[in-house]
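Novice: Below is input23.cif; it holds mmCIF, N, CA and C atoms.
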```cif
data_work
loop_
_atom_site.label_atom_id
_atom_site.label_comp_id
_atom_site.auth_asym_id
_atom_site.auth_seq_id
_atom_site.Cartn_x
_atom_site.Cartn_y
_atom_site.Cartn_z
N MET Y 1 -12.64 10.33 11.23
CA MET Y 1 -12.68 10.05 9.81
C MET Y 1 -12.79 8.54 9.60
N ILE Y 2 -13.77 8.12 8.84
CA ILE Y 2 -13.95 6.70 8.58
C ILE Y 2 -12.99 6.25 7.48
N GLU Y 3 -12.29 5.16 7.77
CA GLU Y 3 -11.35 4.62 6.79
C GLU Y 3 -11.31 3.10 6.83
N LEU Y 4 -10.97 2.52 5.68
CA LEU Y 4 -10.83 1.08 5.57
C LEU Y 4 -9.38 0.73 5.85
N ARG Y 5 -9.17 -0.24 6.73
CA ARG Y 5 -7.81 -0.66 7.08
C ARG Y 5 -7.68 -2.16 6.90
N ARG Y 6 -6.44 -2.58 6.70
CA ARG Y 6 -6.13 -4.01 6.54
C ARG Y 6 -4.93 -4.34 7.42
N TYR Y 7 -5.06 -5.43 8.18
CA TYR Y 7 -3.99 -5.85 9.08
C TYR Y 7 -3.81 -7.36 9.01
N LEU Y 8 -2.57 -7.80 9.21
CA LEU Y 8 -2.34 -9.20 9.53
C LEU Y 8 -2.78 -9.38 10.97
N ARG Y 9 -3.13 -10.59 11.33
CA ARG Y 9 -3.69 -10.86 12.66
C ARG Y 9 -2.82 -10.29 13.79
N HIS Y 10 -1.52 -10.52 13.74
CA HIS Y 10 -0.65 -10.09 14.83
C HIS Y 10 -0.35 -8.59 14.81
N GLU Y 11 -0.80 -7.88 13.78
CA GLU Y 11 -0.55 -6.44 13.68
C GLU Y 11 -1.75 -5.58 14.11
N ILE Y 12 -2.87 -6.21 14.40
CA ILE Y 12 -4.06 -5.44 14.76
C ILE Y 12 -3.81 -4.69 16.06
N PRO Y 13 -4.08 -3.40 16.08
CA PRO Y 13 -3.93 -2.65 17.33
C PRO Y 13 -4.80 -3.26 18.44
N PRO Y 14 -4.29 -3.32 19.66
CA PRO Y 14 -5.04 -3.95 20.76
C PRO Y 14 -6.46 -3.42 20.95
N LEU Y 15 -6.68 -2.14 20.77
CA LEU Y 15 -8.02 -1.58 20.94
C LEU Y 15 -8.99 -2.16 19.91
N PHE Y 16 -8.54 -2.32 18.67
CA PHE Y 16 -9.38 -2.92 17.63
C PHE Y 16 -9.58 -4.41 17.89
N ALA Y 17 -8.52 -5.09 18.29
CA ALA Y 17 -8.61 -6.53 18.57
C ALA Y 17 -9.63 -6.79 19.67
N ALA Y 18 -9.66 -5.95 20.70
CA ALA Y 18 -10.61 -6.12 21.79
C ALA Y 18 -12.05 -5.97 21.29
N GLN Y 19 -12.29 -5.03 20.38
CA GLN Y 19 -13.63 -4.84 19.85
C GLN Y 19 -14.06 -6.01 18.96
N ILE Y 20 -13.14 -6.53 18.17
CA ILE Y 20 -13.43 -7.69 17.33
C ILE Y 20 -13.76 -8.89 18.21
N ALA Y 21 -12.91 -9.14 19.19
CA ALA Y 21 -13.11 -10.29 20.08
C ALA Y 21 -14.41 -10.15 20.88
N ALA Y 22 -14.73 -8.95 21.32
CA ALA Y 22 -15.97 -8.75 22.07
C ALA Y 22 -17.19 -9.08 21.22
N TYR Y 23 -17.18 -8.63 19.98
CA TYR Y 23 -18.31 -8.94 19.11
C TYR Y 23 -18.41 -10.45 18.86
N GLN Y 24 -17.27 -11.08 18.60
CA GLN Y 24 -17.26 -12.52 18.36
C GLN Y 24 -17.79 -13.30 19.57
N ARG Y 25 -17.42 -12.88 20.76
CA ARG Y 25 -17.87 -13.58 21.98
C ARG Y 25 -19.38 -13.53 22.12
N ILE Y 26 -20.00 -12.44 21.67
CA ILE Y 26 -21.44 -12.31 21.76
C ILE Y 26 -22.13 -13.04 20.61
N GLN Y 27 -21.67 -12.80 19.39
CA GLN Y 27 -22.34 -13.34 18.20
C GLN Y 27 -22.08 -14.84 17.99
N TRP Y 28 -20.84 -15.27 18.23
CA TRP Y 28 -20.46 -16.66 17.99
C TRP Y 28 -19.74 -17.17 19.25
N PRO Y 29 -20.47 -17.43 20.32
CA PRO Y 29 -19.83 -17.79 21.60
C PRO Y 29 -18.95 -19.03 21.53
N SER Y 30 -19.21 -19.94 20.63
CA SER Y 30 -18.39 -21.16 20.56
C SER Y 30 -16.98 -20.89 20.05
N ILE Y 31 -16.76 -19.79 19.36
CA ILE Y 31 -15.44 -19.49 18.82
C ILE Y 31 -14.41 -19.31 19.94
N ARG Y 32 -14.79 -18.60 20.97
CA ARG Y 32 -13.85 -18.26 22.03
C ARG Y 32 -14.22 -18.88 23.37
N SER Y 33 -15.10 -19.83 23.36
CA SER Y 33 -15.61 -20.37 24.62
C SER Y 33 -14.56 -21.08 25.45
N LYS Y 34 -13.50 -21.60 24.85
CA LYS Y 34 -12.51 -22.36 25.58
C LYS Y 34 -11.22 -21.58 25.82
N SER Y 35 -11.22 -20.33 25.45
CA SER Y 35 -10.00 -19.54 25.58
C SER Y 35 -10.16 -18.49 26.67
N ASN Y 36 -9.10 -18.31 27.44
CA ASN Y 36 -9.12 -17.24 28.43
C ASN Y 36 -8.25 -16.07 27.96
N LYS Y 37 -7.88 -16.08 26.68
CA LYS Y 37 -7.08 -15.02 26.08
C LYS Y 37 -7.97 -14.19 25.18
N LEU Y 38 -7.89 -12.88 25.30
CA LEU Y 38 -8.71 -12.01 24.47
C LEU Y 38 -8.29 -12.10 23.00
N TRP Y 39 -6.99 -12.06 22.74
CA TRP Y 39 -6.49 -12.05 21.37
C TRP Y 39 -5.08 -12.60 21.38
N ASP Y 40 -4.72 -13.38 20.40
CA ASP Y 40 -3.37 -13.93 20.32
C ASP Y 40 -2.54 -13.08 19.37
N PHE Y 41 -1.83 -12.11 19.92
CA PHE Y 41 -1.01 -11.22 19.11
C PHE Y 41 0.28 -11.88 18.64
N ASP Y 42 0.67 -12.96 19.29
CA ASP Y 42 1.95 -13.60 18.99
C ASP Y 42 1.87 -14.64 17.89
N ASP Y 43 0.67 -15.05 17.50
CA ASP Y 43 0.52 -16.12 16.52
C ASP Y 43 0.67 -15.58 15.11
N ILE Y 44 1.92 -15.38 14.68
CA ILE Y 44 2.18 -14.85 13.34
C ILE Y 44 2.10 -15.95 12.28
N ASN Y 45 1.89 -17.18 12.71
CA ASN Y 45 1.76 -18.28 11.75
C ASN Y 45 0.35 -18.42 11.21
N ARG Y 46 -0.61 -17.76 11.80
CA ARG Y 46 -1.99 -17.80 11.29
C ARG Y 46 -2.11 -16.76 10.20
N ASP Y 47 -2.30 -17.22 9.00
CA ASP Y 47 -2.35 -16.33 7.84
C ASP Y 47 -3.73 -15.69 7.67
N TYR Y 48 -4.16 -14.95 8.65
CA TYR Y 48 -5.43 -14.25 8.57
C TYR Y 48 -5.15 -12.79 8.22
N VAL Y 49 -5.93 -12.27 7.31
CA VAL Y 49 -5.86 -10.85 6.99
C VAL Y 49 -7.21 -10.27 7.38
N HIS Y 50 -7.18 -9.24 8.19
CA HIS Y 50 -8.39 -8.63 8.71
C HIS Y 50 -8.63 -7.30 8.01
N PHE Y 51 -9.86 -7.14 7.56
CA PHE Y 51 -10.30 -5.90 6.93
C PHE Y 51 -11.29 -5.26 7.88
N MET Y 52 -11.13 -3.97 8.10
CA MET Y 52 -12.08 -3.31 8.99
C MET Y 52 -12.27 -1.87 8.59
N LEU Y 53 -13.49 -1.44 8.77
CA LEU Y 53 -13.84 -0.05 8.60
C LEU Y 53 -13.83 0.53 10.00
N VAL Y 54 -13.05 1.59 10.19
CA VAL Y 54 -12.91 2.18 11.52
C VAL Y 54 -13.15 3.68 11.47
N ASP Y 55 -13.58 4.20 12.60
CA ASP Y 55 -13.72 5.64 12.78
C ASP Y 55 -12.90 5.98 14.01
N GLU Y 56 -11.69 6.45 13.79
CA GLU Y 56 -10.71 6.72 14.83
C GLU Y 56 -10.48 5.46 15.66
N GLU Y 57 -11.06 5.36 16.88
CA GLU Y 57 -10.81 4.21 17.75
C GLU Y 57 -11.92 3.17 17.72
N ILE Y 58 -12.92 3.37 16.88
CA ILE Y 58 -14.10 2.52 16.87
C ILE Y 58 -14.11 1.62 15.63
N VAL Y 59 -14.27 0.31 15.85
CA VAL Y 59 -14.47 -0.62 14.75
C VAL Y 59 -15.95 -0.56 14.36
N ILE Y 60 -16.19 -0.32 13.09
CA ILE Y 60 -17.55 -0.25 12.56
C ILE Y 60 -17.94 -1.59 11.94
N SER Y 61 -17.04 -2.11 11.10
CA SER Y 61 -17.33 -3.33 10.36
C SER Y 61 -16.03 -4.13 10.21
N HIS Y 62 -16.16 -5.45 10.08
CA HIS Y 62 -14.99 -6.33 10.06
C HIS Y 62 -15.23 -7.55 9.20
N ALA Y 63 -14.18 -8.05 8.57
CA ALA Y 63 -14.20 -9.34 7.86
C ALA Y 63 -12.77 -9.87 7.86
N SER Y 64 -12.62 -11.16 8.05
CA SER Y 64 -11.28 -11.74 7.98
C SER Y 64 -11.20 -12.74 6.83
N VAL Y 65 -10.01 -12.83 6.27
CA VAL Y 65 -9.72 -13.76 5.17
C VAL Y 65 -8.65 -14.72 5.64
N ASN Y 66 -8.89 -16.00 5.39
CA ASN Y 66 -7.90 -17.02 5.74
C ASN Y 66 -7.81 -18.01 4.59
N TRP Y 67 -6.83 -18.86 4.63
CA TRP Y 67 -6.67 -19.86 3.57
C TRP Y 67 -5.92 -21.06 4.10
N ARG Y 68 -6.14 -22.16 3.42
CA ARG Y 68 -5.43 -23.39 3.75
C ARG Y 68 -5.39 -24.27 2.52
N ASP Y 69 -4.43 -25.16 2.49
CA ASP Y 69 -4.34 -26.13 1.40
C ASP Y 69 -5.18 -27.34 1.72
N VAL Y 70 -5.87 -27.83 0.71
CA VAL Y 70 -6.73 -29.00 0.84
C VAL Y 70 -6.38 -29.96 -0.29
N THR Y 71 -6.27 -31.23 0.04
CA THR Y 71 -6.00 -32.24 -0.97
C THR Y 71 -7.28 -33.01 -1.26
N LEU Y 72 -7.61 -33.11 -2.53
CA LEU Y 72 -8.82 -33.81 -2.95
C LEU Y 72 -8.49 -34.63 -4.19
N GLY Y 73 -8.68 -35.93 -4.09
CA GLY Y 73 -8.39 -36.81 -5.23
C GLY Y 73 -6.95 -36.74 -5.66
N GLY Y 74 -6.05 -36.55 -4.71
CA GLY Y 74 -4.62 -36.47 -5.01
C GLY Y 74 -4.17 -35.12 -5.53
N GLU Y 75 -5.09 -34.20 -5.69
CA GLU Y 75 -4.75 -32.87 -6.18
C GLU Y 75 -4.83 -31.87 -5.03
N ARG Y 76 -3.89 -30.94 -5.01
CA ARG Y 76 -3.82 -29.96 -3.93
C ARG Y 76 -4.44 -28.64 -4.40
N PHE Y 77 -5.31 -28.08 -3.54
CA PHE Y 77 -5.98 -26.82 -3.84
C PHE Y 77 -5.75 -25.83 -2.71
N SER Y 78 -5.65 -24.57 -3.07
CA SER Y 78 -5.58 -23.50 -2.09
C SER Y 78 -6.99 -22.95 -1.93
N VAL Y 79 -7.57 -23.16 -0.75
CA VAL Y 79 -8.94 -22.75 -0.48
C VAL Y 79 -8.93 -21.54 0.44
N TRP Y 80 -9.58 -20.49 0.00
CA TRP Y 80 -9.67 -19.25 0.75
C TRP Y 80 -11.04 -19.16 1.39
N GLY Y 81 -11.12 -18.47 2.50
CA GLY Y 81 -12.40 -18.30 3.17
C GLY Y 81 -12.54 -16.93 3.79
N MET Y 82 -13.78 -16.51 3.93
CA MET Y 82 -14.07 -15.26 4.62
C MET Y 82 -14.86 -15.62 5.87
N SER Y 83 -14.50 -14.99 6.97
CA SER Y 83 -15.19 -15.30 8.22
C SER Y 83 -15.28 -14.06 9.09
N SER Y 84 -15.98 -14.22 10.19
CA SER Y 84 -16.13 -13.17 11.19
C SER Y 84 -16.54 -11.84 10.57
N VAL Y 85 -17.53 -11.92 9.70
CA VAL Y 85 -18.05 -10.71 9.06
C VAL Y 85 -19.12 -10.12 9.97
N PHE Y 86 -18.95 -8.87 10.32
CA PHE Y 86 -19.96 -8.21 11.14
C PHE Y 86 -19.88 -6.70 10.99
N THR Y 87 -20.98 -6.07 11.32
CA THR Y 87 -21.06 -4.62 11.45
C THR Y 87 -21.79 -4.35 12.76
N TYR Y 88 -21.23 -3.50 13.57
CA TYR Y 88 -21.90 -3.16 14.81
C TYR Y 88 -23.28 -2.55 14.50
N PRO Y 89 -24.29 -2.91 15.29
CA PRO Y 89 -25.68 -2.53 14.98
C PRO Y 89 -25.90 -1.05 14.69
N ALA Y 90 -25.24 -0.17 15.37
CA ALA Y 90 -25.46 1.26 15.17
C ALA Y 90 -25.05 1.73 13.77
N PHE Y 91 -24.26 0.93 13.06
CA PHE Y 91 -23.74 1.33 11.75
C PHE Y 91 -24.34 0.53 10.60
N ARG Y 92 -25.31 -0.32 10.87
CA ARG Y 92 -25.90 -1.16 9.82
C ARG Y 92 -26.76 -0.33 8.88
N LYS Y 93 -26.93 -0.88 7.69
CA LYS Y 93 -27.77 -0.28 6.63
C LYS Y 93 -27.18 0.99 6.05
N GLY Y 94 -25.86 1.18 6.20
CA GLY Y 94 -25.23 2.37 5.64
C GLY Y 94 -24.13 2.06 4.64
N GLY Y 95 -23.98 0.79 4.27
CA GLY Y 95 -22.97 0.42 3.29
C GLY Y 95 -21.63 -0.01 3.89
N SER Y 96 -21.52 0.01 5.20
CA SER Y 96 -20.25 -0.34 5.84
C SER Y 96 -19.86 -1.78 5.56
N ALA Y 97 -20.80 -2.70 5.72
CA ALA Y 97 -20.49 -4.12 5.48
C ALA Y 97 -20.15 -4.35 4.01
N THR Y 98 -20.87 -3.70 3.11
CA THR Y 98 -20.58 -3.85 1.68
C THR Y 98 -19.15 -3.41 1.38
N ARG Y 99 -18.76 -2.30 1.93
CA ARG Y 99 -17.40 -1.78 1.69
C ARG Y 99 -16.34 -2.73 2.24
N THR Y 100 -16.57 -3.25 3.44
CA THR Y 100 -15.61 -4.14 4.09
C THR Y 100 -15.53 -5.48 3.37
N VAL Y 101 -16.67 -6.08 3.08
CA VAL Y 101 -16.69 -7.39 2.40
C VAL Y 101 -16.16 -7.27 0.98
N ALA Y 102 -16.47 -6.18 0.30
CA ALA Y 102 -15.94 -5.98 -1.06
C ALA Y 102 -14.42 -5.91 -1.04
N ALA Y 103 -13.84 -5.23 -0.07
CA ALA Y 103 -12.37 -5.15 0.03
C ALA Y 103 -11.77 -6.53 0.28
N ALA Y 104 -12.38 -7.30 1.17
CA ALA Y 104 -11.88 -8.65 1.45
C ALA Y 104 -12.04 -9.55 0.22
N THR Y 105 -13.15 -9.41 -0.49
CA THR Y 105 -13.40 -10.19 -1.70
C THR Y 105 -12.38 -9.84 -2.78
N ASP Y 106 -12.12 -8.57 -2.97
CA ASP Y 106 -11.12 -8.13 -3.96
C ASP Y 106 -9.74 -8.67 -3.62
N PHE Y 107 -9.41 -8.70 -2.34
CA PHE Y 107 -8.13 -9.25 -1.90
C PHE Y 107 -8.01 -10.72 -2.30
N MET Y 108 -9.09 -11.48 -2.10
CA MET Y 108 -9.07 -12.90 -2.48
C MET Y 108 -8.98 -13.07 -3.98
N ARG Y 109 -9.72 -12.26 -4.72
CA ARG Y 109 -9.67 -12.34 -6.19
C ARG Y 109 -8.27 -12.08 -6.73
N ALA Y 110 -7.54 -11.19 -6.09
CA ALA Y 110 -6.18 -10.85 -6.53
C ALA Y 110 -5.15 -11.88 -6.08
N GLY Y 111 -5.53 -12.79 -5.19
CA GLY Y 111 -4.62 -13.78 -4.64
C GLY Y 111 -4.47 -15.00 -5.53
N SER Y 112 -3.81 -15.99 -5.00
CA SER Y 112 -3.49 -17.19 -5.77
C SER Y 112 -4.36 -18.39 -5.42
N GLY Y 113 -5.49 -18.14 -4.79
CA GLY Y 113 -6.37 -19.24 -4.38
C GLY Y 113 -7.07 -19.90 -5.56
N ASP Y 114 -7.40 -21.17 -5.38
CA ASP Y 114 -8.16 -21.91 -6.38
C ASP Y 114 -9.66 -21.77 -6.17
N LEU Y 115 -10.05 -21.51 -4.95
CA LEU Y 115 -11.45 -21.50 -4.58
C LEU Y 115 -11.60 -20.63 -3.34
N ALA Y 116 -12.70 -19.90 -3.26
CA ALA Y 116 -13.01 -19.13 -2.05
C ALA Y 116 -14.42 -19.47 -1.62
N MET Y 117 -14.62 -19.49 -0.31
CA MET Y 117 -15.95 -19.83 0.21
C MET Y 117 -16.24 -19.09 1.50
N LEU Y 118 -17.54 -19.00 1.76
CA LEU Y 118 -18.00 -18.48 3.03
C LEU Y 118 -19.33 -19.14 3.33
N PHE Y 119 -19.69 -19.13 4.58
CA PHE Y 119 -20.96 -19.70 5.00
C PHE Y 119 -21.84 -18.57 5.51
N THR Y 120 -23.10 -18.61 5.11
CA THR Y 120 -24.03 -17.59 5.57
C THR Y 120 -25.45 -18.17 5.61
N GLY Y 121 -26.30 -17.50 6.30
CA GLY Y 121 -27.70 -17.91 6.35
C GLY Y 121 -28.49 -17.30 5.20
N ASP Y 122 -29.65 -17.83 4.96
CA ASP Y 122 -30.50 -17.37 3.86
C ASP Y 122 -30.74 -15.86 3.83
N PRO Y 123 -30.92 -15.20 4.97
CA PRO Y 123 -31.19 -13.76 4.91
C PRO Y 123 -30.07 -12.94 4.28
N LEU Y 124 -28.84 -13.47 4.25
CA LEU Y 124 -27.71 -12.69 3.71
C LEU Y 124 -27.26 -13.13 2.32
N VAL Y 125 -27.94 -14.08 1.71
CA VAL Y 125 -27.55 -14.55 0.38
C VAL Y 125 -27.56 -13.40 -0.63
N LYS Y 126 -28.60 -12.58 -0.62
CA LYS Y 126 -28.68 -11.45 -1.56
C LYS Y 126 -27.54 -10.46 -1.34
N PHE Y 127 -27.19 -10.24 -0.09
CA PHE Y 127 -26.09 -9.33 0.23
C PHE Y 127 -24.79 -9.81 -0.43
N TYR Y 128 -24.45 -11.08 -0.23
CA TYR Y 128 -23.19 -11.60 -0.78
C TYR Y 128 -23.21 -11.74 -2.30
N THR Y 129 -24.34 -12.15 -2.86
CA THR Y 129 -24.39 -12.28 -4.32
C THR Y 129 -24.27 -10.91 -5.00
N ALA Y 130 -24.76 -9.86 -4.35
CA ALA Y 130 -24.63 -8.51 -4.90
C ALA Y 130 -23.17 -8.06 -4.96
N ILE Y 131 -22.34 -8.64 -4.11
CA ILE Y 131 -20.91 -8.29 -4.08
C ILE Y 131 -20.11 -9.19 -5.03
N GLY Y 132 -20.76 -10.22 -5.59
CA GLY Y 132 -20.09 -11.06 -6.58
C GLY Y 132 -19.92 -12.51 -6.20
N TRP Y 133 -20.41 -12.90 -5.03
CA TRP Y 133 -20.32 -14.29 -4.60
C TRP Y 133 -21.43 -15.10 -5.26
N ASP Y 134 -21.15 -16.36 -5.54
CA ASP Y 134 -22.16 -17.28 -6.07
C ASP Y 134 -22.77 -18.07 -4.93
N HIS Y 135 -24.07 -18.25 -4.98
CA HIS Y 135 -24.76 -19.06 -3.98
C HIS Y 135 -24.79 -20.50 -4.48
N VAL Y 136 -24.25 -21.40 -3.70
CA VAL Y 136 -24.21 -22.82 -4.05
C VAL Y 136 -24.88 -23.59 -2.91
N PRO Y 137 -26.21 -23.70 -2.94
CA PRO Y 137 -26.92 -24.31 -1.82
C PRO Y 137 -26.63 -25.80 -1.63
N THR Y 138 -26.09 -26.46 -2.65
CA THR Y 138 -25.82 -27.90 -2.53
C THR Y 138 -24.40 -28.21 -2.07
N ALA Y 139 -23.59 -27.18 -1.86
CA ALA Y 139 -22.20 -27.42 -1.43
C ALA Y 139 -22.18 -28.10 -0.06
N GLN Y 140 -21.21 -28.97 0.13
CA GLN Y 140 -21.07 -29.68 1.40
C GLN Y 140 -19.62 -29.60 1.86
N ILE Y 141 -19.46 -29.54 3.15
CA ILE Y 141 -18.14 -29.55 3.75
C ILE Y 141 -18.04 -30.80 4.60
N PHE Y 142 -16.94 -31.52 4.44
CA PHE Y 142 -16.71 -32.73 5.21
C PHE Y 142 -15.55 -32.51 6.17
N TYR Y 143 -15.73 -32.91 7.40
CA TYR Y 143 -14.70 -32.75 8.43
C TYR Y 143 -14.14 -34.10 8.78
N GLY Y 144 -12.93 -34.10 9.35
CA GLY Y 144 -12.36 -35.34 9.86
C GLY Y 144 -11.21 -35.84 9.01
N ASP Y 145 -10.89 -37.08 9.17
CA ASP Y 145 -9.79 -37.71 8.46
C ASP Y 145 -10.04 -37.71 6.96
N PRO Y 146 -9.11 -37.18 6.17
CA PRO Y 146 -9.33 -37.13 4.72
C PRO Y 146 -9.49 -38.52 4.12
#
```
Take the structure I supplied and represent it as structure tokens, if you would.

Specialist:
Amino acid sequence: MIELRRYLRHEIPPLFAAQIAAYQRIQWPSIRSKSNKLWDFDDINRDYVHFMLVDEEIVISHASVNWRDVTLGGERFSVWGMSSVFTYPAFRKGGSATRTVAAATDFMRAGSGDLAMLFTGDPLVKFYTAIGWDHVPTAQIFYGDP
């Protein structure tokens, strides 16, 4: 039975965590390139909430939500983000990603964040805007010392 589930990072069942990590290692090799740990179940300080569509023991689709405080011009903002969005190839084009991303988006809308963002390539802009995200092609992110 296919169902949508939500977990805090340290609560994800090991079988699901292994599938998420395996996909990330293939799709985004730089994320886990320096780690010899499959998943950090003990890090309860990372405020990530994972949304996934599963069919018994199989992860179909996944998205994670995280947040952090950012100070800009002396003002503090709570910035939310969505990351690690994927659907395994065998399940694409069936609405799985829409269902998963919509749940994660609704979670952020109900939260106390000031701003939410995600990064995507041009081919997926229509997908995210259909779920309610705004495309801001001129947005910039700056890294380093504030």

Novice: Taking 6 positions as the minimum chain separation for residues in the same chain, which residues sit within 12 Å of Ile131 of chain Y when counting only C-alpha atoms? Answer as a list in words.

Specialist: Gly95, Ala97, Thr98, Arg99, Thr100, Val101, Ala102, Ala103, Ala104, Thr105, Asp106, Leu124 and Val125 of chain Y

Novice: Go ahead and save the picked residues with N, CA and C atoms, as a PDB file, in the frame of the given file.

Specialist:
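Below is the file that was written, out_19.pdb:
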```pdb
ATOM      1  N   GLY Y  95     -23.980   0.790   4.270  1.00  0.00           N
ATOM      2  CA  GLY Y  95     -22.970   0.420   3.290  1.00  0.00           C
ATOM      3  C   GLY Y  95     -21.630  -0.010   3.890  1.00  0.00           C
ATOM      4  N   ALA Y  97     -20.800  -2.700   5.720  1.00  0.00           N
ATOM      5  CA  ALA Y  97     -20.490  -4.120   5.480  1.00  0.00           C
ATOM      6  C   ALA Y  97     -20.150  -4.350   4.010  1.00  0.00           C
ATOM      7  N   THR Y  98     -20.870  -3.700   3.110  1.00  0.00           N
ATOM      8  CA  THR Y  98     -20.580  -3.850   1.680  1.00  0.00           C
ATOM      9  C   THR Y  98     -19.150  -3.410   1.380  1.00  0.00           C
ATOM     10  N   ARG Y  99     -18.760  -2.300   1.930  1.00  0.00           N
ATOM     11  CA  ARG Y  99     -17.400  -1.780   1.690  1.00  0.00           C
ATOM     12  C   ARG Y  99     -16.340  -2.730   2.240  1.00  0.00           C
ATOM     13  N   THR Y 100     -16.570  -3.250   3.440  1.00  0.00           N
ATOM     14  CA  THR Y 100     -15.610  -4.140   4.090  1.00  0.00           C
ATOM     15  C   THR Y 100     -15.530  -5.480   3.370  1.00  0.00           C
ATOM     16  N   VAL Y 101     -16.670  -6.080   3.080  1.00  0.00           N
ATOM     17  CA  VAL Y 101     -16.690  -7.390   2.400  1.00  0.00           C
ATOM     18  C   VAL Y 101     -16.160  -7.270   0.980  1.00  0.00           C
ATOM     19  N   ALA Y 102     -16.470  -6.180   0.300  1.00  0.00           N
ATOM     20  CA  ALA Y 102     -15.940  -5.980  -1.060  1.00  0.00           C
ATOM     21  C   ALA Y 102     -14.420  -5.910  -1.040  1.00  0.00           C
ATOM     22  N   ALA Y 103     -13.840  -5.230  -0.070  1.00  0.00           N
ATOM     23  CA  ALA Y 103     -12.370  -5.150   0.030  1.00  0.00           C
ATOM     24  C   ALA Y 103     -11.770  -6.530   0.280  1.00  0.00           C
ATOM     25  N   ALA Y 104     -12.380  -7.300   1.170  1.00  0.00           N
ATOM     26  CA  ALA Y 104     -11.880  -8.650   1.450  1.00  0.00           C
ATOM     27  C   ALA Y 104     -12.040  -9.550   0.220  1.00  0.00           C
ATOM     28  N   THR Y 105     -13.150  -9.410  -0.490  1.00  0.00           N
ATOM     29  CA  THR Y 105     -13.400 -10.190  -1.700  1.00  0.00           C
ATOM     30  C   THR Y 105     -12.380  -9.840  -2.780  1.00  0.00           C
ATOM     31  N   ASP Y 106     -12.120  -8.570  -2.970  1.00  0.00           N
ATOM     32  CA  ASP Y 106     -11.120  -8.130  -3.960  1.00  0.00           C
ATOM     33  C   ASP Y 106      -9.740  -8.670  -3.620  1.00  0.00           C
ATOM     34  N   LEU Y 124     -28.840 -13.470   4.250  1.00  0.00           N
ATOM     35  CA  LEU Y 124     -27.710 -12.690   3.710  1.00  0.00           C
ATOM     36  C   LEU Y 124     -27.260 -13.130   2.320  1.00  0.00           C
ATOM     37  N   VAL Y 125     -27.940 -14.080   1.710  1.00  0.00           N
ATOM     38  CA  VAL Y 125     -27.550 -14.550   0.380  1.00  0.00           C
ATOM     39  C   VAL Y 125     -27.560 -13.400  -0.630  1.00  0.00           C
TER      40      VAL Y 125
END
```

Novice: Around (-5.3, -20.3, 5.4) in the file's frame, which residues reach within 8 Å when counting only N, CA and C atoms? Return as number ranges by chain?

Specialist: Y: 46-48, 65-69, 78-81

Novice: Can you tell me which residues surround Leu15 of chain Y at a distance of at most 10 Å, considering only C-alpha atoms, apart from same-chain residues fewer than 3 positions away, and format the answer as a CSV table (one decimal) with N, CA and C atoms, keeping the file's coordinate frame?

Specialist:
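Output file out.csv is given in full below:
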```csv
chain,number,residue,atom,x,y,z
Y,12,ILE,N,-2.9,-6.2,14.4
Y,12,ILE,CA,-4.1,-5.4,14.8
Y,12,ILE,C,-3.8,-4.7,16.1
Y,18,ALA,N,-9.7,-6.0,20.7
Y,18,ALA,CA,-10.6,-6.1,21.8
Y,18,ALA,C,-12.0,-6.0,21.3
Y,19,GLN,N,-12.3,-5.0,20.4
Y,19,GLN,CA,-13.6,-4.8,19.8
Y,19,GLN,C,-14.1,-6.0,19.0
Y,20,ILE,N,-13.1,-6.5,18.2
Y,20,ILE,CA,-13.4,-7.7,17.3
Y,20,ILE,C,-13.8,-8.9,18.2
Y,57,GLU,N,-11.1,5.4,16.9
Y,57,GLU,CA,-10.8,4.2,17.8
Y,57,GLU,C,-11.9,3.2,17.7
Y,58,ILE,N,-12.9,3.4,16.9
Y,58,ILE,CA,-14.1,2.5,16.9
Y,58,ILE,C,-14.1,1.6,15.6
Y,59,VAL,N,-14.3,0.3,15.8
Y,59,VAL,CA,-14.5,-0.6,14.8
Y,59,VAL,C,-16.0,-0.6,14.4
```

Novice: To one decimal place, how far is atom CA of Met1 of chain Y from atom CA of His50 of chain Y in Å?

Specialist: 19.2 Å

Novice: For the provided coordinates, the residues matched by the PyMOL selection byres ((chain Y and resi 5) around 5) should be stated as a PyMOL selection string.

Specialist: chain Y and resi 3-4+6-7+51-53

Novice: Would you mind writing down, as a PyMOL selection string, each residue of chain Y that DSSP on the backbone assigns to alpha helix (DSSP H)?

Specialist: chain Y and resi 14-27+29-32+96-110+125-131

Novice: Could you give me the axis-aligned bounding box of segment 103-106 of chain Y, with 4 Å of padding per side, as centre plus edge lengths in Å to one decimal, as JSON?

Specialist:
```
{"center_x": -11.8, "center_y": -7.7, "center_z": -1.3, "size_x": 12.1, "size_y": 13.0, "size_z": 13.4}
```

Novice: Just how far from atom N of Pro89 of chain Y is atom C of Ala17 of chain Y, in Å to one decimal?

Specialist: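 Computing the Euclidean distance for atom C of Ala17 of chain Y and atom N of Pro89 of chain Y yields 15.8 Å.
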
Novice: As a PyMOL selection string, which residues of segment 81-133 of chain Y does DSSP assign to strand (DSSP E)?

Specialist: chain Y and resi 81-87+115-117

Novice: Kindly give the distance, in Å, that separates atom CA of Ser84 of chain Y and atom CA of Ala63 of chain Y, rounded to a single decimal.

Specialist: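 Here the two named atoms are 5.4 Å from each other.
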